[in-house]
Amino acid sequence: MQVERSSHPAPRPDPSAPDREGFRHSFCADPLSVRAALRTTLARFIRQMTEEEAGTLEIVLAEVFNNIVKHGYGDSGKGTITIALSRDPRGLSCLVSDEGIALPDRCLSGIGDHPRPVPDTLPEGGFGWFLIRDLVEDLQYSRHDGRNELVFHLPLAPLALAP
Amino acid sequence: MNLYAEALGGALVVHLQEERLDAAIAIRFKDRMREVALQPSSRVVLDLSDVTFLDSSGLGAIVAVMKSLAPARQLELAGLTPTVEKVFRLTRMDTVFRIHPDVAAATSERLRDAG
C-alpha cells in the first residue's frame, strides 16, 4: 500500500467537524486504474482512521471495484467508476456508481444461491460479496437510467480515538 | 511479477516480492507459481511477507495453486501481514492452509519433526 505518510503531517482532524465536503473520484474500470484509485482514496482518508480500518476500507473498495470491472463491464477495460466518500462521526459513507450491467439481486442477499464460500470445498471465488457484506452496514443498491448506485457505510471508531 | 524460489530446509520457498496480490496480477501469479513449482519438493512455502494487500482474486489464485499441487504436495503460507491475514480470517480460509509466522518458522519445523 503506497500511502503517502509525509514528514509534514496534516493538522489532526477536529472530531467535532467531520469531513463534510467529501471526496469524489472517477476512474477507468480496469485493474491498474483500480489500484491507482485505491491508493488515491486511502491517501485521502488515512489520517482519519486507524491502520486496521484503512485495511478494511481498502478490502471493501477493492472488492466493489473489482466486481464492477469484471461483471459490470465484463472485463472490457471500458467504462467509468465514480466514488463519493464522506467522513461522518460514525464512519465513512460511501457511494459507488457505474454504467455497467445491473447487479443481480443475489449479490446483496447473502442467502439462497449466494452463501458464504465453504473453506473445505476450496473455493476459488465468491469471496468478494461475502467480504463486502461482512464488513459494511446499510448496504443498498439501486439502478436509475442505466446507472448502478451502491451505497454503504463503513463503521469506524470515533475520530478522537484514532492514534 | 517479482517472484523467486529457493530450496530451504527441505522446502521450496517461494518469495512473492510484490506489494499487492490483486486482480491485476492474479493470473500471472498462478502461471509463475506453476513454473517454479516444477522444482521437486513435497512442501511449498509461499512467503507473503512483502505483500501488504490481498483481494479476493489474489486469494482465489492462492487456492488454485494449492489445488494444483495437491494431493502429493502441500502449499503452506508464511509471513502474513495484517490486512492479508484479515482476508484469510474473514473468509475462514485460514482454516485450510498451514500458516507460519515467517519463513524461518516454516523451514525450522521440518528439523524439529526430524528430531
# chains A, B, ... in the order shown; residues from 1 in each chain; ligands from 1
>>> residues_around(residues="Tyr141 (chain A)", least_positions_apart="4", cutoff="12 Å", atoms="only C-alpha atoms", output="list in words")
Val64, Cys94, Leu95, Val96, Ser97, Asp98, Ala102, Leu103, Pro104, Asp105, Arg106, Cys107, Leu108, Ser109, Arg147, Asn148, Glu149, Leu150, Val151 and Phe152 of chain A
>>> residues_around(residues="Pro40 (chain B)", least_positions_apart="4", cutoff="10 Å", atoms="only C-alpha atoms", output="list in words")
Ala7, Ala11, Leu12, Val36, Val44 and Arg73 of chain B
>>> write_last_selection(atoms="all heavy atoms", output="PDB file, in the first residue's frame")
ATOM      1  N   ALA B   7      15.427 -23.464  -2.420  1.00  0.00           N
ATOM      2  CA  ALA B   7      15.259 -24.634  -1.565  1.00  0.00           C
ATOM      3  C   ALA B   7      15.815 -24.290  -0.194  1.00  0.00           C
ATOM      4  O   ALA B   7      16.964 -23.869  -0.063  1.00  0.00           O
ATOM      5  CB  ALA B   7      15.998 -25.826  -2.163  1.00  0.00           C
ATOM      6  N   ALA B  11      12.232 -27.539   2.027  1.00  0.00           N
ATOM      7  CA  ALA B  11      11.014 -26.993   1.417  1.00  0.00           C
ATOM      8  C   ALA B  11      11.392 -26.100   0.237  1.00  0.00           C
ATOM      9  O   ALA B  11      12.502 -25.553   0.191  1.00  0.00           O
ATOM     10  CB  ALA B  11      10.218 -26.197   2.442  1.00  0.00           C
ATOM     11  N   LEU B  12      10.476 -25.974  -0.696  1.00  0.00           N
ATOM     12  CA  LEU B  12      10.654 -24.993  -1.762  1.00  0.00           C
ATOM     13  C   LEU B  12       9.987 -23.710  -1.270  1.00  0.00           C
ATOM     14  O   LEU B  12       8.767 -23.679  -1.063  1.00  0.00           O
ATOM     15  CB  LEU B  12       9.990 -25.489  -3.058  1.00  0.00           C
ATOM     16  CG  LEU B  12      10.103 -24.558  -4.254  1.00  0.00           C
ATOM     17  CD1 LEU B  12      11.546 -24.487  -4.748  1.00  0.00           C
ATOM     18  CD2 LEU B  12       9.187 -25.019  -5.389  1.00  0.00           C
ATOM     19  N   VAL B  36       7.512 -22.276 -11.171  1.00  0.00           N
ATOM     20  CA  VAL B  36       8.518 -22.514 -10.120  1.00  0.00           C
ATOM     21  C   VAL B  36       8.242 -23.819  -9.378  1.00  0.00           C
ATOM     22  O   VAL B  36       9.163 -24.457  -8.869  1.00  0.00           O
ATOM     23  CB  VAL B  36       8.629 -21.355  -9.096  1.00  0.00           C
ATOM     24  CG1 VAL B  36       8.983 -20.058  -9.788  1.00  0.00           C
ATOM     25  CG2 VAL B  36       7.377 -21.201  -8.265  1.00  0.00           C
ATOM     26  N   VAL B  44       5.733 -26.749  -0.339  1.00  0.00           N
ATOM     27  CA  VAL B  44       5.961 -25.455  -0.979  1.00  0.00           C
ATOM     28  C   VAL B  44       5.484 -24.388   0.008  1.00  0.00           C
ATOM     29  O   VAL B  44       4.340 -24.418   0.455  1.00  0.00           O
ATOM     30  CB  VAL B  44       5.193 -25.332  -2.315  1.00  0.00           C
ATOM     31  CG1 VAL B  44       5.423 -23.973  -2.945  1.00  0.00           C
ATOM     32  CG2 VAL B  44       5.600 -26.446  -3.279  1.00  0.00           C
ATOM     33  N   ARG B  73       1.552 -32.683  -2.933  1.00  0.00           N
ATOM     34  CA  ARG B  73       2.352 -31.606  -2.364  1.00  0.00           C
ATOM     35  C   ARG B  73       1.445 -30.617  -1.654  1.00  0.00           C
ATOM     36  O   ARG B  73       0.310 -30.393  -2.039  1.00  0.00           O
ATOM     37  CB  ARG B  73       3.127 -30.912  -3.483  1.00  0.00           C
ATOM     38  CG  ARG B  73       3.882 -31.921  -4.331  1.00  0.00           C
ATOM     39  CD  ARG B  73       4.426 -31.275  -5.564  1.00  0.00           C
ATOM     40  NE  ARG B  73       5.572 -30.424  -5.260  1.00  0.00           N
ATOM     41  CZ  ARG B  73       6.087 -29.559  -6.136  1.00  0.00           C
ATOM     42  NH1 ARG B  73       5.553 -29.403  -7.323  1.00  0.00           N
ATOM     43  NH2 ARG B  73       7.139 -28.842  -5.810  1.00  0.00           N
TER      44      ARG B  73
END
>>> interface_residues(of="chain B", to="chain A", cutoff="6 Å", atoms="only C-alpha atoms", output="MDAnalysis selection string")
chainID B and resid 24 56 60 63 83 93
>>> residues_around(residues="region 24-26 of chain A", least_positions_apart="3", cutoff="7 Å", atoms="only C-alpha atoms", output="list in words")
Thr80, Ile81, Thr82, Ile83, Ala84 and Leu85 of chain A
>>> write_last_selection(atoms="all heavy atoms", output="compact mmCIF listing (two decimals), in the first residue's frame")
# COMPACT_ATOMS: atom_id res chain seq x y z
N THR A 80 -16.54 3.68 -16.71
CA THR A 80 -16.05 4.55 -15.64
C THR A 80 -16.69 4.15 -14.32
O THR A 80 -17.83 3.72 -14.28
CB THR A 80 -16.42 6.02 -15.96
OG1 THR A 80 -15.84 6.35 -17.22
CG2 THR A 80 -15.88 6.97 -14.91
N ILE A 81 -15.90 4.27 -13.26
CA ILE A 81 -16.40 4.06 -11.90
C ILE A 81 -16.25 5.39 -11.18
O ILE A 81 -15.20 6.05 -11.30
CB ILE A 81 -15.59 2.97 -11.17
CG1 ILE A 81 -15.69 1.63 -11.92
CG2 ILE A 81 -16.06 2.82 -9.71
CD1 ILE A 81 -14.78 0.54 -11.37
N THR A 82 -17.27 5.79 -10.46
CA THR A 82 -17.20 7.04 -9.70
C THR A 82 -17.49 6.74 -8.23
O THR A 82 -18.42 5.99 -7.93
CB THR A 82 -18.24 8.05 -10.23
OG1 THR A 82 -17.95 8.31 -11.61
CG2 THR A 82 -18.18 9.36 -9.45
N ILE A 83 -16.66 7.30 -7.35
CA ILE A 83 -16.91 7.12 -5.93
C ILE A 83 -17.10 8.48 -5.26
O ILE A 83 -16.51 9.48 -5.68
CB ILE A 83 -15.78 6.35 -5.20
CG1 ILE A 83 -14.44 7.05 -5.40
CG2 ILE A 83 -15.71 4.92 -5.69
CD1 ILE A 83 -13.36 6.51 -4.49
N ALA A 84 -17.91 8.46 -4.23
CA ALA A 84 -18.08 9.66 -3.40
C ALA A 84 -18.08 9.18 -1.95
O ALA A 84 -18.88 8.33 -1.59
CB ALA A 84 -19.40 10.36 -3.74
N LEU A 85 -17.12 9.67 -1.18
CA LEU A 85 -17.00 9.24 0.21
C LEU A 85 -17.03 10.46 1.12
O LEU A 85 -16.46 11.50 0.78
CB LEU A 85 -15.67 8.52 0.46
CG LEU A 85 -15.25 7.35 -0.44
CD1 LEU A 85 -13.94 6.76 0.08
CD2 LEU A 85 -16.31 6.28 -0.48
>>> residues_around(residues="Leu80 (chain B)", least_positions_apart="4", cutoff="6 Å", atoms="only C-alpha atoms", output="ChimeraX atom specification")
/B:48-49,84-85
>>> decode(residues="region 121-148 of chain A", atoms="N, CA, C and O atoms", output="short mmCIF file (atom, residue, chain, number, x, y, z; two decimals), in the first residue's frame")
data_model
loop_
_atom_site.label_atom_id
_atom_site.label_comp_id
_atom_site.auth_asym_id
_atom_site.auth_seq_id
_atom_site.Cartn_x
_atom_site.Cartn_y
_atom_site.Cartn_z
N THR A 121 -14.34 -26.78 0.76
CA THR A 121 -14.53 -27.10 -0.65
C THR A 121 -13.47 -26.41 -1.53
O THR A 121 -13.51 -26.52 -2.74
N LEU A 122 -12.57 -25.68 -0.90
CA LEU A 122 -11.51 -24.94 -1.59
C LEU A 122 -12.05 -24.06 -2.73
O LEU A 122 -11.67 -24.22 -3.88
N PRO A 123 -12.92 -23.14 -2.38
CA PRO A 123 -13.48 -22.25 -3.40
C PRO A 123 -12.42 -21.30 -3.94
O PRO A 123 -11.54 -20.86 -3.20
N GLU A 124 -12.50 -21.01 -5.24
CA GLU A 124 -11.56 -20.05 -5.82
C GLU A 124 -12.23 -18.71 -6.06
O GLU A 124 -11.60 -17.77 -6.54
N GLY A 125 -13.51 -18.62 -5.77
CA GLY A 125 -14.22 -17.36 -5.98
C GLY A 125 -15.39 -17.26 -5.03
O GLY A 125 -15.61 -18.13 -4.19
N GLY A 126 -16.15 -16.18 -5.16
CA GLY A 126 -17.33 -15.99 -4.33
C GLY A 126 -17.02 -15.30 -3.01
O GLY A 126 -17.90 -15.09 -2.19
N PHE A 127 -15.76 -14.91 -2.83
CA PHE A 127 -15.38 -14.25 -1.57
C PHE A 127 -15.75 -12.77 -1.56
O PHE A 127 -15.94 -12.19 -0.49
N GLY A 128 -15.79 -12.19 -2.74
CA GLY A 128 -15.91 -10.73 -2.84
C GLY A 128 -17.13 -10.18 -2.14
O GLY A 128 -17.02 -9.34 -1.24
N TRP A 129 -18.32 -10.65 -2.54
CA TRP A 129 -19.54 -10.14 -1.93
C TRP A 129 -19.65 -10.54 -0.48
O TRP A 129 -20.21 -9.83 0.34
N PHE A 130 -19.12 -11.72 -0.17
CA PHE A 130 -19.13 -12.13 1.23
C PHE A 130 -18.35 -11.11 2.09
O PHE A 130 -18.81 -10.68 3.14
N LEU A 131 -17.17 -10.72 1.62
CA LEU A 131 -16.36 -9.75 2.37
C LEU A 131 -17.07 -8.41 2.50
O LEU A 131 -17.10 -7.80 3.57
N ILE A 132 -17.66 -7.96 1.39
CA ILE A 132 -18.35 -6.67 1.40
C ILE A 132 -19.49 -6.69 2.44
O ILE A 132 -19.58 -5.83 3.30
N ARG A 133 -20.33 -7.73 2.34
CA ARG A 133 -21.48 -7.80 3.24
C ARG A 133 -21.05 -7.92 4.69
O ARG A 133 -21.71 -7.45 5.60
N ASP A 134 -19.91 -8.60 4.90
CA ASP A 134 -19.43 -8.80 6.25
C ASP A 134 -18.89 -7.51 6.88
O ASP A 134 -18.98 -7.33 8.09
N LEU A 135 -18.31 -6.65 6.08
CA LEU A 135 -17.57 -5.51 6.62
C LEU A 135 -18.34 -4.20 6.64
O LEU A 135 -17.96 -3.28 7.36
N VAL A 136 -19.39 -4.08 5.84
CA VAL A 136 -20.10 -2.80 5.80
C VAL A 136 -21.49 -2.94 6.41
O VAL A 136 -21.95 -4.03 6.69
N GLU A 137 -22.13 -1.80 6.61
CA GLU A 137 -23.52 -1.80 7.07
C GLU A 137 -24.34 -0.94 6.12
O GLU A 137 -23.80 -0.18 5.32
N ASP A 138 -25.67 -1.09 6.22
CA ASP A 138 -26.60 -0.30 5.40
C ASP A 138 -26.29 -0.39 3.90
O ASP A 138 -26.32 0.61 3.19
N LEU A 139 -26.02 -1.60 3.44
CA LEU A 139 -25.70 -1.80 2.02
C LEU A 139 -26.98 -1.72 1.19
O LEU A 139 -27.94 -2.44 1.45
N GLN A 140 -27.00 -0.79 0.24
CA GLN A 140 -28.19 -0.63 -0.60
C GLN A 140 -27.78 -0.44 -2.05
O GLN A 140 -26.80 0.24 -2.34
N TYR A 141 -28.58 -1.03 -2.93
CA TYR A 141 -28.31 -0.93 -4.36
C TYR A 141 -29.53 -0.37 -5.06
O TYR A 141 -30.66 -0.72 -4.73
N SER A 142 -29.27 0.48 -6.04
CA SER A 142 -30.38 0.95 -6.88
C SER A 142 -29.87 1.18 -8.30
O SER A 142 -28.67 1.31 -8.52
N ARG A 143 -30.79 1.17 -9.23
CA ARG A 143 -30.42 1.40 -10.63
C ARG A 143 -31.38 2.42 -11.22
O ARG A 143 -32.60 2.27 -11.12
N HIS A 144 -30.81 3.49 -11.79
CA HIS A 144 -31.62 4.53 -12.40
C HIS A 144 -31.02 4.87 -13.75
O HIS A 144 -29.82 5.20 -13.83
N ASP A 145 -31.82 4.86 -14.78
CA ASP A 145 -31.39 5.29 -16.12
C ASP A 145 -30.08 4.64 -16.54
O ASP A 145 -29.15 5.33 -16.99
N GLY A 146 -29.97 3.35 -16.33
CA GLY A 146 -28.77 2.64 -16.76
C GLY A 146 -27.57 2.86 -15.87
O GLY A 146 -26.44 2.50 -16.23
N ARG A 147 -27.79 3.43 -14.71
CA ARG A 147 -26.69 3.72 -13.80
C ARG A 147 -26.87 2.94 -12.50
O ARG A 147 -27.93 2.99 -11.88
N ASN A 148 -25.84 2.19 -12.12
CA ASN A 148 -25.87 1.45 -10.86
C ASN A 148 -25.35 2.33 -9.74
O ASN A 148 -24.32 3.01 -9.90
#
